[in-house]
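*Asks:* Data file entry16.cif (mmCIF, C-alpha atoms) is appended below.
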data_work
#
loop_
_atom_site.label_atom_id
_atom_site.label_comp_id
_atom_site.auth_asym_id
_atom_site.auth_seq_id
_atom_site.Cartn_x
_atom_site.Cartn_y
_atom_site.Cartn_z
CA MET A 1 0.00 0.00 0.00
CA GLY A 2 2.89 2.36 0.56
CA LEU A 3 3.80 4.58 3.47
CA GLY A 4 0.67 5.17 5.49
CA PRO A 5 -2.24 3.16 4.01
CA SER A 6 -4.74 5.27 5.95
CA ILE A 7 -3.51 8.65 4.65
CA LYS A 8 -2.47 7.82 1.08
CA MET A 9 -4.25 9.71 -1.67
CA THR A 10 -5.54 7.23 -4.24
CA THR A 11 -6.09 8.07 -7.90
CA LEU A 12 -9.78 8.38 -7.03
CA HIS A 13 -8.91 10.89 -4.29
CA HIS A 14 -7.10 13.18 -6.74
CA PHE A 15 -10.01 12.80 -9.18
CA ASN A 16 -12.36 13.96 -6.39
CA CYS A 17 -9.87 16.24 -4.60
CA PRO A 18 -11.78 18.10 -1.84
CA VAL A 19 -9.32 21.02 -1.74
CA THR A 20 -9.38 21.53 -5.50
CA LYS A 21 -13.18 21.50 -5.55
CA ARG A 22 -13.42 23.95 -2.65
CA LEU A 23 -10.91 26.41 -4.12
CA LEU A 24 -12.78 26.40 -7.43
CA GLN A 25 -15.92 27.54 -5.59
CA GLU A 26 -14.29 30.67 -4.17
CA GLU A 27 -15.22 33.75 -6.20
CA ASP A 28 -12.90 36.19 -4.40
CA ILE A 29 -9.65 34.41 -5.33
CA GLU A 30 -8.07 33.14 -8.54
CA PHE A 31 -7.11 29.48 -8.24
CA CYS A 32 -4.24 29.43 -10.69
CA GLY A 33 -2.89 25.89 -10.48
CA VAL A 34 -2.00 22.65 -8.70
CA VAL A 35 1.70 21.96 -8.23
CA VAL A 36 2.47 18.23 -8.11
CA ASN A 37 5.64 17.72 -6.06
CA GLY A 38 6.98 14.19 -5.58
CA VAL A 39 8.69 13.13 -2.35
CA SER A 40 12.40 12.57 -2.98
CA GLU A 41 14.83 10.07 -1.45
CA ASN A 42 17.81 12.25 -0.54
CA PHE A 43 17.99 15.67 1.06
CA ALA A 44 19.56 17.46 -1.90
CA GLU A 45 16.70 16.35 -4.16
CA LYS A 46 14.16 17.38 -1.52
CA VAL A 47 15.64 20.88 -1.48
CA PHE A 48 15.78 20.96 -5.29
CA SER A 49 12.07 20.08 -5.56
CA ALA A 50 11.12 22.60 -2.88
CA LYS A 51 13.03 25.40 -4.60
CA ARG A 52 11.41 24.63 -7.94
CA THR A 53 7.99 24.70 -6.27
CA GLY A 54 8.78 28.12 -4.82
CA GLU A 55 9.87 29.37 -8.24
CA ILE A 56 6.68 28.07 -9.87
CA ALA A 57 4.62 29.86 -7.22
CA GLU A 58 6.56 33.05 -7.85
CA ALA A 59 6.18 32.70 -11.63
CA VAL A 60 2.39 32.47 -11.41
CA ARG A 61 2.41 35.37 -8.92
CA ALA A 62 0.79 33.36 -6.14
CA ASP A 63 -0.43 35.33 -3.13
CA GLY A 64 -1.14 32.25 -1.02
CA ALA A 65 -0.78 28.47 -1.03
CA ILE A 66 -2.24 25.36 0.53
CA VAL A 67 0.37 22.61 0.92
CA ALA A 68 -1.04 19.09 1.36
CA ILE A 69 0.97 15.89 1.88
CA ASP A 70 -0.05 12.23 2.16
CA GLY A 71 3.01 11.04 4.09
CA TRP A 72 4.79 11.86 7.35
CA GLY A 73 8.08 11.22 9.15
CA ASN A 74 10.96 11.76 6.72
CA HIS A 75 8.44 13.04 4.18
CA HIS A 76 7.78 16.03 6.40
CA ILE A 77 11.21 17.30 5.36
CA ASP A 78 9.77 17.84 1.86
CA PHE A 79 6.70 19.40 3.47
CA VAL A 80 8.50 21.99 5.60
CA ASN A 81 11.03 22.75 2.84
CA VAL A 82 8.21 23.64 0.44
CA ILE A 83 6.55 25.84 3.05
CA GLU A 84 9.91 27.53 3.71
CA GLN A 85 10.53 28.24 0.03
CA LEU A 86 7.07 29.77 -0.27
CA GLY A 87 7.54 31.79 2.91
CA MET A 88 10.88 33.16 1.70
CA ARG A 89 8.92 34.57 -1.25
CA ASN A 90 6.35 36.21 1.07
CA ILE A 91 3.65 33.69 0.14
CA PRO A 92 1.53 32.73 3.19
CA THR A 93 0.66 29.06 3.51
CA VAL A 94 -1.65 26.61 5.21
CA GLY A 95 -0.19 23.13 5.58
CA MET A 96 -2.35 20.00 5.61
CA SER A 97 -0.91 16.76 6.95
CA TYR A 98 -1.53 13.77 9.15
CA ILE A 99 -0.04 14.54 12.57
CA GLY A 100 -2.02 12.75 15.29
CA LEU A 101 0.14 11.30 18.05
CA GLN A 102 2.52 9.59 15.65
CA GLY A 103 3.26 12.01 12.84
CA ARG A 104 4.73 14.99 14.64
CA LEU A 105 7.12 17.01 12.49
CA VAL A 106 10.70 15.75 12.35
CA ALA A 107 11.82 19.20 11.16
CA THR A 108 10.42 22.71 11.09
CA ASN A 109 11.28 26.34 10.35
CA THR A 110 9.95 29.81 11.11
CA TYR A 111 7.52 29.73 8.17
CA VAL A 112 5.64 26.65 9.40
CA ASP A 113 2.94 28.41 11.41
CA THR A 114 -0.36 26.80 10.35
CA ILE A 115 -1.03 23.09 9.92
CA ILE A 116 -4.39 21.36 9.69
CA ASP A 117 -4.08 17.86 11.12
CA PHE A 118 -6.36 15.53 9.18
CA ASN A 119 -5.97 12.61 11.59
CA LYS A 120 -9.38 10.95 11.98
CA ASN A 121 -8.45 7.83 13.96
CA GLU A 122 -9.48 8.08 17.62
CA SER A 123 -6.20 6.48 18.68
CA GLY A 124 -4.21 9.23 16.98
CA TYR A 125 -2.09 6.61 15.24
CA GLU A 126 -1.61 5.58 11.63
CA SER A 127 -3.53 2.50 10.55
CA CYS A 128 -3.57 0.09 7.63
CA VAL A 129 -7.17 0.96 6.76
CA VAL A 130 -7.41 2.67 3.36
CA GLY A 131 -9.13 6.05 3.72
CA ASP A 132 -9.09 5.99 7.54
CA ASN A 133 -7.11 9.23 7.90
CA ASN A 134 -7.93 10.89 4.59
CA LEU A 135 -8.12 14.61 3.93
CA ASP A 136 -11.84 15.39 3.54
CA ASP A 137 -14.29 18.22 2.84
CA SER A 138 -14.14 19.59 6.38
CA ASP A 139 -10.34 19.81 6.20
CA ALA A 140 -10.59 21.55 2.82
CA ASN A 141 -13.09 24.06 4.19
CA LYS A 142 -10.84 24.88 7.15
CA GLY A 143 -7.78 25.25 4.94
CA VAL A 144 -9.41 27.64 2.49
CA VAL A 145 -10.99 29.81 5.19
CA ILE A 146 -7.74 30.08 7.17
CA LEU A 147 -5.65 30.87 4.08
CA LYS A 148 -8.05 33.63 3.03
CA ARG A 149 -7.86 35.16 6.51
CA LYS A 150 -4.07 35.06 6.42
CA MET A 151 -4.03 36.83 3.06
CA GLU A 152 -6.49 39.44 4.33
CA ARG A 153 -4.38 40.14 7.40
CA ARG A 154 -1.28 40.49 5.27
CA ASN A 155 -2.98 42.93 2.90
CA LYS A 156 -4.95 44.65 5.68
CA LYS A 157 -8.18 44.51 3.71
CA PRO A 158 -10.84 41.93 2.86
CA LEU A 159 -10.68 39.92 -0.34
CA GLU A 160 -12.89 41.25 -3.11
CA LYS A 161 -14.59 39.67 -6.09
CA SER A 162 -13.17 40.59 -9.48
CA PRO A 163 -15.69 42.42 -11.69
CA ASN A 164 -14.01 41.14 -14.86
CA GLN A 165 -13.82 37.39 -14.37
CA ARG A 166 -13.79 35.07 -17.37
CA LYS A 167 -13.66 31.34 -17.97
CA ILE A 168 -10.34 29.97 -19.19
CA ARG A 169 -11.52 26.37 -19.62
CA THR A 170 -14.41 24.19 -18.51
CA LEU A 171 -14.40 20.50 -17.65
CA THR A 172 -17.78 18.79 -17.89
CA ARG A 173 -18.32 15.37 -16.34
CA LYS A 174 -21.20 13.48 -17.90
CA TYR A 175 -22.28 10.65 -15.63
CA CYS A 176 -23.91 7.38 -16.60
CA ASP A 177 -25.52 5.63 -13.64
CA ILE A 178 -24.73 1.94 -13.28
CA LYS A 179 -27.54 0.08 -11.51
CA ASP A 180 -26.36 -3.46 -12.23
CA VAL A 181 -23.24 -5.35 -13.32
CA LYS A 182 -23.28 -8.82 -14.84
CA PHE A 183 -21.06 -11.16 -16.85
CA GLY A 184 -21.89 -11.97 -20.48
CA ASP A 185 -20.50 -12.67 -23.93
CA SER A 186 -19.25 -9.16 -24.73
CA THR A 187 -18.63 -5.98 -22.78
CA ASP A 188 -21.48 -3.51 -23.11
CA ILE A 189 -23.36 -0.76 -21.29
CA THR A 190 -27.10 -0.70 -21.91
CA ASP A 191 -29.98 0.65 -19.82
CA GLU A 192 -27.71 1.37 -16.83
CA VAL A 193 -26.38 -2.21 -16.87
CA LEU A 194 -22.66 -2.91 -17.34
CA THR A 195 -21.91 -6.29 -18.87
CA ILE A 196 -18.40 -7.66 -18.33
CA GLY A 197 -17.68 -9.67 -21.45
CA LYS A 198 -15.28 -12.34 -22.58
CA ASP A 199 -13.29 -9.65 -24.42
CA LEU A 200 -12.42 -8.04 -21.08
CA ILE A 201 -11.56 -11.38 -19.50
CA THR A 202 -9.30 -12.14 -22.48
CA VAL A 203 -7.36 -8.93 -21.79
CA SER A 204 -7.03 -9.88 -18.12
CA GLN A 205 -5.62 -13.30 -19.10
CA LYS A 206 -3.02 -11.86 -21.48
CA LYS A 207 0.49 -13.15 -20.78
CA ARG A 208 2.51 -10.49 -18.97
CA ASP A 209 6.03 -10.22 -17.65
CA ARG A 210 6.22 -10.25 -13.84
CA ILE A 211 2.58 -11.25 -13.38
CA LYS A 212 1.40 -14.85 -13.07
CA GLU A 213 -2.36 -14.35 -13.03
CA ILE A 214 -5.08 -11.70 -12.88
CA LYS A 215 -8.61 -12.34 -11.66
CA VAL A 216 -11.52 -9.98 -12.35
CA THR A 217 -14.58 -10.15 -10.12
CA VAL A 218 -17.44 -7.83 -9.22
CA ILE A 219 -18.39 -6.97 -5.64
CA ARG A 220 -22.01 -5.88 -5.41
CA PRO A 221 -23.24 -3.20 -2.98
CA GLU A 222 -25.44 -5.70 -1.15
CA ASP A 223 -22.70 -8.34 -0.80
CA ASN A 224 -21.36 -9.20 2.63
CA LYS A 225 -17.98 -7.48 2.58
CA HIS A 226 -16.47 -9.46 5.41
CA PHE A 227 -14.13 -11.45 3.17
CA PHE A 228 -10.37 -11.37 2.61
CA ILE A 229 -8.77 -9.10 0.02
CA ASN A 230 -5.12 -8.62 -0.83
CA SER A 231 -3.21 -5.40 -0.21
CA ASN A 232 -4.77 -2.42 -1.97
CA LEU A 233 -2.79 -0.98 -4.87
CA ASP A 234 -5.29 1.74 -5.82
CA PHE A 235 -8.87 2.88 -6.20
CA SER A 236 -9.66 4.65 -9.47
CA PRO A 237 -12.65 5.93 -11.45
CA ILE A 238 -13.90 4.44 -14.70
CA ALA A 239 -13.86 7.49 -16.96
CA TYR A 240 -13.42 8.11 -20.66
CA LYS A 241 -12.25 11.04 -22.76
CA ILE A 242 -13.16 11.00 -26.45
CA ASN A 243 -10.21 13.30 -27.14
CA PRO A 244 -7.53 12.43 -24.56
CA GLU A 245 -5.28 15.21 -25.87
CA PHE A 246 -7.40 17.61 -23.83
CA LEU A 247 -7.44 16.25 -20.30
CA GLY A 248 -8.73 19.09 -18.14
CA LYS A 249 -11.31 20.53 -20.51
CA GLY A 250 -14.26 19.42 -22.58
CA ASP A 251 -16.41 16.37 -21.85
CA THR A 252 -15.42 13.40 -19.72
CA PHE A 253 -17.80 10.46 -19.41
CA VAL A 254 -17.85 8.82 -15.97
CA LEU A 255 -19.54 5.63 -14.80
CA ASN A 256 -21.41 6.55 -11.62
CA GLY A 257 -21.96 3.72 -9.16
CA ILE A 258 -18.88 1.63 -9.86
CA THR A 259 -15.24 1.97 -8.76
CA CYS A 260 -12.15 0.04 -9.83
CA MET A 261 -10.13 -1.62 -7.04
CA LEU A 262 -6.64 -2.95 -7.80
CA ALA A 263 -5.11 -5.36 -5.28
CA GLY A 264 -2.47 -8.07 -5.29
CA LYS A 265 0.07 -10.38 -3.68
CA GLU A 266 3.12 -12.44 -4.67
CA ASP A 267 2.78 -16.07 -5.69
CA VAL A 268 4.97 -18.38 -3.57
CA SER A 269 5.45 -16.36 -0.38
CA GLY A 270 2.11 -14.58 -0.46
CA PHE A 271 3.97 -11.31 0.17
CA GLN A 272 1.62 -8.33 0.22
CA PRO A 273 3.08 -5.35 -1.70
CA SER A 274 3.86 -2.52 0.68
CA ASN A 275 6.53 -0.11 1.83
CA ILE A 276 5.46 0.43 5.43
CA GLY A 277 2.16 -1.22 6.23
CA SER A 278 0.08 -3.30 3.84
CA SER A 279 -3.71 -3.26 3.83
CA GLU A 280 -4.72 -6.89 3.28
CA GLY A 281 -7.57 -8.25 5.39
CA PHE A 282 -11.34 -8.23 5.44
CA LEU A 283 -12.72 -5.67 2.99
CA ASP A 284 -15.18 -4.16 5.47
CA GLU A 285 -12.36 -3.72 8.00
CA GLN A 286 -9.55 -2.56 5.69
CA VAL A 287 -11.38 0.09 3.66
CA LYS A 288 -13.23 3.11 5.02
CA PHE A 289 -15.95 3.63 2.45
CA ASN A 290 -17.53 6.93 1.36
CA GLN A 291 -14.30 8.95 1.32
CA ALA A 292 -13.02 11.03 -1.59
CA GLY A 293 -10.53 8.28 -2.41
CA THR A 294 -12.59 5.16 -1.68
CA PRO A 295 -15.80 3.67 -3.10
CA LYS A 296 -19.23 4.59 -1.81
CA ASP A 297 -20.89 1.81 0.12
CA THR A 298 -23.53 1.82 -2.62
CA ASP A 299 -20.96 1.27 -5.40
CA PHE A 300 -20.24 -1.85 -7.37
CA ILE A 301 -16.51 -2.63 -7.20
CA LEU A 302 -14.62 -3.92 -10.22
CA HIS A 303 -12.05 -6.00 -8.33
CA ILE A 304 -8.83 -6.61 -10.26
CA ASP A 305 -6.66 -8.98 -8.23
CA VAL A 306 -3.07 -9.50 -9.36
CA LEU A 307 -0.91 -12.50 -8.53
CA PHE A 308 2.69 -11.37 -9.00
CA GLU A 309 5.53 -13.70 -9.85
CA GLU A 310 7.58 -14.25 -6.71
CA GLY A 311 9.57 -11.11 -5.86
CA GLU A 312 7.84 -8.90 -8.43
CA GLY A 313 5.48 -7.29 -5.92
CA ARG A 314 8.63 -5.70 -4.54
CA THR A 315 9.82 -4.16 -7.81
CA ALA A 316 8.85 -0.92 -9.50
CA GLU A 317 8.48 -2.79 -12.78
CA GLY A 318 6.09 -5.32 -11.25
CA ILE A 319 3.89 -2.69 -9.62
CA GLN A 320 3.81 -0.61 -12.80
CA GLU A 321 2.85 -3.68 -14.84
CA ALA A 322 -0.10 -4.28 -12.50
CA HIS A 323 -1.33 -0.72 -13.01
CA ARG A 324 -0.79 -1.04 -16.77
CA ALA A 325 -2.81 -4.27 -16.81
CA ALA A 326 -5.65 -2.69 -14.82
CA ASP A 327 -5.74 0.24 -17.24
CA GLU A 328 -5.94 -2.12 -20.23
CA ILE A 329 -8.81 -3.99 -18.58
CA VAL A 330 -10.72 -0.78 -17.82
CA ASP A 331 -10.04 0.41 -21.36
CA VAL A 332 -12.30 -2.37 -22.69
CA ILE A 333 -15.13 -0.67 -20.79
CA ARG A 334 -14.05 2.81 -21.88
CA ARG A 335 -14.40 1.86 -25.53
CA LYS A 336 -18.12 1.29 -24.90
CA MET A 337 -18.56 4.71 -23.28
CA ASN A 338 -18.41 6.85 -26.43
CA GLN A 339 -22.13 6.15 -26.90
CA PHE A 340 -22.90 8.47 -23.97
CA GLU A 341 -22.53 11.69 -25.94
CA ARG A 342 -26.30 12.11 -25.83
CA ASN A 343 -27.26 9.56 -23.21
CA TYR A 344 -26.17 10.37 -19.66
CA SER A 345 -27.80 10.67 -16.24
CA SER A 346 -26.35 13.91 -14.86
CA ILE A 347 -23.77 16.62 -15.48
CA GLU A 348 -21.17 18.29 -13.27
CA SER A 349 -19.04 21.19 -14.51
CA PHE A 350 -15.85 22.80 -13.22
CA SER A 351 -14.29 25.96 -14.62
CA ASP A 352 -10.82 27.47 -14.31
CA MET A 353 -11.43 31.19 -13.96
CA SER A 354 -9.33 34.29 -14.60
CA ARG A 355 -10.15 36.99 -12.04
CA PRO A 356 -8.02 40.11 -12.66
CA GLY A 357 -7.25 41.88 -9.40
CA ALA A 358 -8.15 38.91 -7.20
CA LYS A 359 -5.57 37.24 -4.98
CA LYS A 360 -3.98 34.21 -6.64
CA VAL A 361 -3.81 30.87 -4.84
CA ILE A 362 -2.08 27.59 -5.64
CA LEU A 363 -2.46 24.12 -4.19
CA VAL A 364 0.75 22.12 -3.69
CA LYS A 365 0.27 18.34 -3.54
CA ILE A 366 3.30 16.56 -2.10
CA VAL A 367 2.77 12.99 -3.26
CA SER A 368 4.54 9.64 -3.69
CA GLY A 369 7.80 9.84 -5.59
CA LEU A 370 10.20 7.25 -4.17
CA GLY A 371 9.43 4.48 -6.64
CA ASN A 372 8.01 0.96 -6.38
CA MET A 373 4.90 1.04 -4.15
CA TYR A 374 5.39 4.70 -3.28
CA ASP A 375 5.25 6.56 -6.57
CA SER A 376 2.92 8.65 -8.70
CA SER A 377 2.62 9.41 -12.37
CA VAL A 378 1.14 12.29 -14.35
CA TYR A 379 -0.50 12.84 -17.75
CA PRO A 380 -2.04 9.43 -18.58
CA ASN A 381 -3.86 8.83 -21.86
CA GLN A 382 -7.24 8.57 -20.12
CA PRO A 383 -8.72 10.09 -16.93
CA GLY A 384 -7.41 8.25 -13.89
CA GLY A 385 -5.46 5.88 -16.11
CA PHE A 386 -1.82 4.82 -16.11
CA ILE A 387 -0.81 4.10 -19.71
CA GLY A 388 1.02 7.04 -21.29
CA SER A 389 1.86 8.68 -17.97
CA GLU A 390 5.31 9.66 -16.70
CA MET A 391 6.60 8.49 -13.32
CA LEU A 392 7.56 11.28 -10.92
CA MET A 393 10.62 9.34 -9.76
CA ASN A 394 11.84 9.10 -13.36
CA MET A 395 11.39 12.87 -13.60
CA LYS A 396 13.54 13.23 -10.44
CA ASN A 397 10.45 14.65 -8.76
CA THR A 398 10.78 17.92 -10.60
CA PRO A 399 7.48 19.68 -9.76
CA VAL A 400 4.90 20.16 -12.49
CA ILE A 401 1.97 22.55 -12.47
CA ILE A 402 -1.40 21.45 -13.76
CA SER A 403 -4.70 23.28 -13.98
CA PRO A 404 -7.35 22.62 -11.32
CA CYS A 405 -9.55 21.06 -14.00
CA GLN A 406 -6.72 18.72 -15.00
CA CYS A 407 -6.54 17.52 -11.41
CA LEU A 408 -10.27 16.76 -11.49
CA ASP A 409 -9.86 15.05 -14.87
CA GLY A 410 -7.56 12.35 -13.54
CA VAL A 411 -4.15 13.70 -14.57
CA ILE A 412 -2.56 12.36 -11.35
CA HIS A 413 -2.26 8.58 -10.96
CA SER A 414 -1.24 7.08 -7.63
CA LEU A 415 0.71 3.84 -7.28
CA LEU A 416 -0.11 2.94 -3.71
#
Could you render the structure as C-alpha cells?
*Replies:*
Amino acid sequence: MGLGPSIKMTTLHHFNCPVTKRLLQEEDIEFCGVVVNGVSENFAEKVFSAKRTGEIAEAVRADGAIVAIDGWGNHHIDFVNVIEQLGMRNIPTVGMSYIGLQGRLVATNTYVDTIIDFNKNESGYESCVVGDNNLDDSDANKGVVILKRKMERRNKKPLEKSPNQRKIRTLTRKYCDIKDVKFGDSTDITDEVLTIGKDLITVSQKKRDRIKEIKVTVIRPEDNKHFFINSNLDFSPIAYKINPEFLGKGDTFVLNGITCMLAGKEDVSGFQPSNIGSSEGFLDEQVKFNQAGTPKDTDFILHIDVLFEEGEGRTAEGIQEAHRAADEIVDVIRRKMNQFERNYSSIESFSDMSRPGAKKVILVKIVSGLGNMYDSSVYPNQPGGFIGSEMLMNMKNTPVIISPCQCLDGVIHSLL
C-alpha cells in the first residue's frame, strides 16, 4: 500500500480532490494551479524540488498556497522545505498533513505556522485501513478559510470579487448511472447495466512479464464485505475522454456507481506489496468507504486482483505492470462509453477562472515519488489511467503545475 495506508491519496482521491473543488468555488480568489511535487529520497533532491515549487509559485504570482501531503516522518522534510521556500517569497501558507500522536514534524522552520491535522483515527495513530485518515471536505473548508484570513491580514483589507472574471476552460463530467453489473459474452453498457464480457476477461488473461495471473470479479453493494482481500494498490474511477489530448477541458464520461479496485500479492510467499504497512484483510475492515478516495458503500466494485511472480510485488516494474494491466482492462469498458454523448444521467461542470485583481492561490500536492509502491505518475492517456503517464521518480520529482480542472480530470495517478 505504501507509506501510510490510511492517509495515502488514491487516484480516485485526486479525481475527487476536496481542496481543489473547494478552491474552485471561491469567487474572491483566482485558483491558478495545482503543483504536483513528488517526495524525494535524498535531502539534496528534496531541497531541489522545494526550490522549484517556490519558483513556480513566484512565476504564477501566487499570493497564497495550501500545501497538502499524504506522508509523514521523513516526508515532512519535503513538506516543511516547500513551506519555507514559499515563505521566503512572502507567500503565506496553510499546511495539511496527518499529525495525530505519531506524525509529529521531524523538522520545522519559522515559516511553518499553520497546519491542519487531518488525523481521523481516535487512537491518533496511523492505521492500515485505506481512507481511515484521509483529507476530507471539512479539512478543505478549514484550509481555504484560514488561508483567506491570512491573506487578508497580510494585505490589511478583505478579499474582493473581481468584476471582470472570465472562464479559461471548462471540464464537464457526464455521468452514466450503473444500476447493475453482470457477466456476459461481450462488454457492453445498456440501460444502466454494465456487462463484463469475454473480451475483457481475455485482456485480463493476457500473458505479462512479472505477473502470473489476474482475476476480475465484481463486488455488489449488497454483498457481505467481510471477506479477505489482498493489499490495496489503488482505487480509481472508470472514466473516458473522447479526445484524450485535452485532459482538463471538454467532456469526460464517468460511470457513476462503480469503482475500480486494484489489489495483489506475490505467488509463492504470499507477500503483500507494501513499503510500510500493507492493507490486506477483510474488505469491510480494511477500507473506510464513502471517502473522496474510496468507493461509496452503494458502489459496485470492479475488483482486479493481481498474482505477481515471486519477488515482483517488490519491484517498481512489477507494480507498474499491475497498473498497466488494470488500465488495459478498464479500457475495454471505456471503448463502450463513447455512446454516452447524448445519453447520460447527470452533469457536473468545473471551470478554471481568470479573475483580474483577485488574490492568486495555488495548491501544492506533495505525493509519492520514491518508486516501487510509493510513486505517482502524471499525464495518462485517459482520466485516472496509467498508460502514457510519466513516473515522478523518473522525472527526479521535478514539480509540475497542472490546472485545477486537469486535477479533477484524472491527470494524477497514484501507485499505492
*Asks:* For each of A:Val216, A:Ile7, A:Val193, A:Val19, take the minimum atom-to-atom distance to Tyr125 of chain A, counting all atoms listed in the file, then give the residue where this is smallest.
*Replies:*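 Between A:Val216, A:Ile7, A:Val193, A:Val19, the residue approaching Tyr125 of chain A most closely is A:Ile7.
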*Asks:* Within 9 Å of Phe118 of chain A, counting all atoms listed in the file, which residues show up once you throw out same-chain ones fewer than 6 positions away? Write them as a list in words, please.
*Replies:*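 Answer for this query is Ile7, Met96, Ser97, Tyr98, Ile99, Gly100, Asn133, Asn134, Leu135, Asp136 and Asp139 of chain A.
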*Asks:* Could you expand the PyMOL selection byres ((chain A and resi 317-327) around 9) into the explicit residues it covers here, written as a PyMOL selection string?
*Replies:* chain A and resi 203-204+206+208-211+214+233-234+260+262-264+273+304+306+308-309+311-316+328-332+372-373+382+384-387+415
*Asks:* Mind pulling up the distance from atom CA of Val254 of chain A to atom CA of Lys225 of chain A?
*Replies:*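 One can read the atom CA of Lys225 of chain A to atom CA of Val254 of chain A distance as 24.7 Å.
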*Asks:* Distance atom CA of Ala68 of chain A-atom CA of Lys365 of chain A, one decimal place?
*Replies:*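 For atom CA of Ala68 of chain A relative to atom CA of Lys365 of chain A, the distance reads 5.1 Å.
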*Asks:* Rank A:Gly38, A:Gly270, A:Gly64, A:Gly33 by their smallest atom-to-atom distance to Cys405 of chain A, using all atoms listed in the file, and report the top residue only.
*Replies:*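 Of all the options, A:Gly33 lies closest to Cys405 of chain A.
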*Asks:* Evaluated on this file, the PyMOL selection byres ((chain A and resi 248) around 9) picks out some residues - which ones are they, written as a PDB file with C-alpha atoms, in the coordinates of the input?
*Replies:*
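Okay, this is what ended up in out_32.pdb:
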ATOM      1  CA  ARG A 169     -11.520  26.370 -19.620  1.00  0.00           C
ATOM      2  CA  THR A 170     -14.410  24.190 -18.510  1.00  0.00           C
ATOM      3  CA  LEU A 171     -14.400  20.500 -17.650  1.00  0.00           C
ATOM      4  CA  PHE A 246      -7.400  17.610 -23.830  1.00  0.00           C
ATOM      5  CA  LEU A 247      -7.440  16.250 -20.300  1.00  0.00           C
ATOM      6  CA  LYS A 249     -11.310  20.530 -20.510  1.00  0.00           C
ATOM      7  CA  GLY A 250     -14.260  19.420 -22.580  1.00  0.00           C
ATOM      8  CA  ASP A 251     -16.410  16.370 -21.850  1.00  0.00           C
ATOM      9  CA  THR A 252     -15.420  13.400 -19.720  1.00  0.00           C
ATOM     10  CA  ILE A 402      -1.400  21.450 -13.760  1.00  0.00           C
ATOM     11  CA  SER A 403      -4.700  23.280 -13.980  1.00  0.00           C
ATOM     12  CA  PRO A 404      -7.350  22.620 -11.320  1.00  0.00           C
ATOM     13  CA  CYS A 405      -9.550  21.060 -14.000  1.00  0.00           C
ATOM     14  CA  GLN A 406      -6.720  18.720 -15.000  1.00  0.00           C
ATOM     15  CA  CYS A 407      -6.540  17.520 -11.410  1.00  0.00           C
ATOM     16  CA  LEU A 408     -10.270  16.760 -11.490  1.00  0.00           C
ATOM     17  CA  ASP A 409      -9.860  15.050 -14.870  1.00  0.00           C
ATOM     18  CA  GLY A 410      -7.560  12.350 -13.540  1.00  0.00           C
ATOM     19  CA  VAL A 411      -4.150  13.700 -14.570  1.00  0.00           C
TER      20      VAL A 411
END
*Asks:* Taking the file as shown, what set of residues would the PyMOL selection byres ((chain A and resi 347) around 6) give back, as an NGL selection string?
*Replies:* :A and (173-174 or 346 or 348)
